[in-house]
Number of protein chains: 2
Amino acid sequence: MSRAPAALVDGRPARAVAADDRGLAYGDGLFETIRFVSGVAPLWAGHMARLARGARRLGLSMPDPGVWAAEAARVAGGRDCLVKLLLTRGGGRGYAAAAATGPRRIVLCLPLPALDVAACRHGLRLRWCRLRLARQPALAGLKHLNRLEQVLARSEWRDPRIHEGLCMDTDGHVVCATAANLFIVRDGVLATPALDQCGVAGVARAFLLAQARRRWPVEVTVLRPADLQAADEVFVCNAVRGVMPVRALAGWRWRPGPVTAALGYTLAARGIGLPPTLPRRDR
Amino acid sequence: MSRAPAALVDGRPARAVAADDRGLAYGDGLFETIRFVSGVAPLWAGHMARLARGARRLGLSMPDPGVWAAEAARVAGGRDCLVKLLLTRGGGRGYAAAAATGPRRIVLCLPLPALDVAACRHGLRLRWCRLRLARQPALAGLKHLNRLEQVLARSEWRDPRIHEGLCMDTDGHVVCATAANLFIVRDGVLATPALDQCGVAGVARAFLLAQARRRWPVEVTVLRPADLQAADEVFVCNAVRGVMPVRALAGWRWRPGPVTAALGYTLAARGIGLPPTLPRRDR
């Protein structure tokens with residue numbers, strides 16, 4: 001048994017949060033789910049940057065990143081694990097934020113989810129979700145605590161052979177998977193949906209965009225289903241599982257390609273996910 | 001000091017909720033804020049009906065209403081107060097609801113908010129919120145725990161002379177105030193926005209619609225700002241404060257009218273809110 005506490009609330013070991021917390025009452029807060037590799041978080045800076053950006057947009061005060069780092073290291077205890085940070089507006093009833101007691105930090109250590117090695121190497125099977133994401137620029141891109149759309153989208157299937165569901169918004173633009181961002185490669189150009197109307201701007205997505213811009217033309221743009229159909233490569237990514245090629249969606253099929261593999265290596269080299277395996281003829 | 005517990009979690013006195021609760025993690029749940037008058041809730045049946053409807057739509061199991069009633073009575077302890085019920089999907093990580101530990105009941109007793117008697121009698125001053133509500137039919141009407149839009153809309157003003165903010169959706173339809181539903185009266189017809197795209201279908205709204213249908217023509221429809229401008233009476237309502245006439249919004253002015261007063265009496269007679277005061281010439 002590790003002696004690290006499983007959870008800290010405002011820096012104190014605790015397994016519970018005040019019942020009047022506005023994170024519970026209204027989803028009034030933000031979160032980050034951070035991959036720790038032997039007690040170190042390779043994408044730490046990206047998570048802190050997103051949390052600070054979200055706090056600014058929601059009018060929350062952002063605790064000192066050094067405090068987050070110390071608390072995350074404490075619950076991680078040198079392990080391979082996930083650390084989840086939640087930043088809520090604290091207690092207080094009523095929508096008016098002025099009535100809130102101030103920000104609250106919740107830091108949890110979670111076990112790593114099992115990695116489906118074959119799927120990560122050879123590609124995921126996806127489905128289209130029926131749920132369309134609402135267009136809300138005031139919340140777009142944020143990793144906030146209002147995630148009922150993702151819960152509903154993920155509840156549309158139980159077939160374990162389907163690894164993820166892809167969501168469009170109410171205008172028919174392709175946005176993201178329920179828990180991952182989407183990229184496609186077509187004619188040597190890497191493209192990913194713009195997230196100014198909905199979706200979460202993933203930390204792995206930002207990392208990969210920065211990596212990719214050194215090597216390929218990159219577009220952050222509107223994507224429609226036909227763009228996926230015409231793509232040479234399709235992959236999804238997140239900060240927990242890394243880059244995951246997509247091999248099937250509805251009747252469409254793709255194989256892991258060289259851009260997916262190269263980007264997959266940049267995260268796998270940092271301990272996040274596995275590099276995809278290219279079909280023999282592409283090696 | 002009352003000996004009633006301030007909060008029950010799954011029936012046990014507690015002031016805190018497990019830090020991995022999906023209500024906190026994702027807003028994966030529903031709530032009701034219920035006015036108790038001397039320990040009795042006049043709109044109890046409406047709250048239970050809405051909670052059951054919401055649970056069905058989110059795929060949550062609805063606890064027995066008798067259990068809710070016993071727990072609410074226990075925290076209310078015969079007082080004039082608010083009782084807040086939260087129904088979450090329990091613990092468990094990841095958006096997949098199948099991984100959840102099952103529903104969790106949280107029952108809190110809250111003090112009554114101060115009633116602004118002059119505003120309730122003579123009318124509220126409203127503003128337009130800049131935030132537009134996103135159109136999401138999958139969540140429309142529900143009193144779910146994803147309320148960041150309301151928090152952001154309510155944060156747009158601090159002037160205490162402004163009592164409420166009115167929100168349009170992204171199509172420019174008038175939907176509701178941040179914490180109240182909207183009604184207008186024009187040429188003897190009572191109208192309120194349809195809530196099939198966004199907004200919360202209030203329990204007071206449902207009660208008033210049922211009352212009104214016995215006496216006046218009623219329309220549940222799309223309302224635009226011009227409909228308010230042309231209205232003879234405008235009021236907002238919720239299950240805590242009852243019917244509240246609106247006297248000002250941007251440059252427009254109204255006075256409490258006879259339909260507002262009559263409907264206000266139906267709730268005030270049950271202990272919820274105050275009846276509006278009609279200007280002398282209308283009495």
# chains A, B, ... in the order shown; residues from 1 in each chain; ligands from 1
$ residues_around --residues "Ala45 in chain B" --least-positions-apart "3" --cutoff "12 Å" --atoms "only C-alpha atoms" --output "list in words"
Glu32, Ile34, Val40, Ala41, Pro42, Met48, Ala49, Arg50, Leu51, Ala52, Pro65, Gly66, Trp68, Ala69, Val203, Ala204, Ala206 and Phe207 of chain B
$ write_last_selection --atoms "N, CA and C atoms" --output "CSV table (one decimal), in the first residue's frame"
chain,number,residue,atom,x,y,z
B,32,GLU,N,-33.6,19.7,-7.6
B,32,GLU,CA,-34.9,20.4,-7.3
B,32,GLU,C,-34.6,21.3,-6.1
B,34,ILE,N,-36.9,23.3,-3.5
B,34,ILE,CA,-38.3,23.1,-3.1
B,34,ILE,C,-38.6,24.0,-1.9
B,40,VAL,N,-44.2,21.9,5.0
B,40,VAL,CA,-45.0,21.2,3.9
B,40,VAL,C,-44.6,21.9,2.6
B,41,ALA,N,-44.5,21.1,1.6
B,41,ALA,CA,-44.1,21.6,0.2
B,41,ALA,C,-45.3,21.7,-0.7
B,42,PRO,N,-45.8,22.9,-0.9
B,42,PRO,CA,-47.1,23.0,-1.7
B,42,PRO,C,-47.0,22.5,-3.1
B,48,MET,N,-41.6,16.3,-7.9
B,48,MET,CA,-41.4,14.9,-8.1
B,48,MET,C,-41.6,14.5,-9.5
B,49,ALA,N,-42.6,15.0,-10.2
B,49,ALA,CA,-42.9,14.7,-11.6
B,49,ALA,C,-41.7,15.2,-12.5
B,50,ARG,N,-41.2,16.4,-12.2
B,50,ARG,CA,-40.1,16.8,-13.1
B,50,ARG,C,-38.9,16.0,-12.8
B,51,LEU,N,-38.6,15.7,-11.6
B,51,LEU,CA,-37.4,14.9,-11.3
B,51,LEU,C,-37.5,13.5,-12.0
B,52,ALA,N,-38.7,12.9,-11.9
B,52,ALA,CA,-38.8,11.6,-12.5
B,52,ALA,C,-38.7,11.7,-14.1
B,65,PRO,N,-40.4,8.1,-4.6
B,65,PRO,CA,-40.8,9.5,-4.0
B,65,PRO,C,-41.1,9.5,-2.5
B,66,GLY,N,-41.5,8.3,-2.0
B,66,GLY,CA,-41.7,8.3,-0.5
B,66,GLY,C,-40.4,8.4,0.2
B,68,TRP,N,-37.7,10.2,-0.9
B,68,TRP,CA,-37.5,11.6,-1.0
B,68,TRP,C,-38.3,12.4,0.0
B,69,ALA,N,-39.6,12.1,0.1
B,69,ALA,CA,-40.5,12.8,1.0
B,69,ALA,C,-40.0,12.7,2.4
B,203,VAL,N,-41.3,24.3,-12.2
B,203,VAL,CA,-42.4,23.7,-11.6
B,203,VAL,C,-43.5,24.8,-11.3
B,204,ALA,N,-43.1,26.0,-11.0
B,204,ALA,CA,-44.1,27.1,-10.9
B,204,ALA,C,-44.7,27.4,-12.2
B,206,ALA,N,-45.2,25.2,-14.7
B,206,ALA,CA,-46.2,24.2,-15.0
B,206,ALA,C,-47.5,24.4,-14.1
B,207,PHE,N,-47.3,24.8,-12.9
B,207,PHE,CA,-48.5,25.0,-12.0
B,207,PHE,C,-49.3,26.2,-12.6
$ residues_around --residues "Gly172 in chain A" --least-positions-apart "5" --cutoff "12 Å" --atoms "only C-alpha atoms" --output "ChimeraX atom specification"
/A:128-135,166-167,222-226
$ interface_residues --of "chain A" --to "chain B" --cutoff "6 Å" --atoms "only C-alpha atoms" --output "list in words"
Arg15, Ala16, Val17, Ala18, Ala19, Gly23, Leu24, Tyr26, Gly27, Asp28, Tyr95, Ala96, Ala134, Arg135, Gln136, Leu145, Asn146, Arg147, Leu148, Val151, Arg154 and Ser155 of chain A
$ select_by_dssp --residues "range 39-252 of chain B" --states "alpha helix (DSSP H)" --output "ChimeraX atom specification"
/B:44-58,65-76,117-122,148-154,203-212,225-229
$ atom_distance --atom1 "CA of Arg125 in chain A" --atom2 "CA of Arg186 in chain A"
19.6 Å
$ residues_around --residues "Gly11 in chain A" --least-positions-apart "5" --cutoff "10 Å" --atoms "only C-alpha atoms" --output "PyMOL selection string"
chain A and resi 67-68+70-72+74+104-107
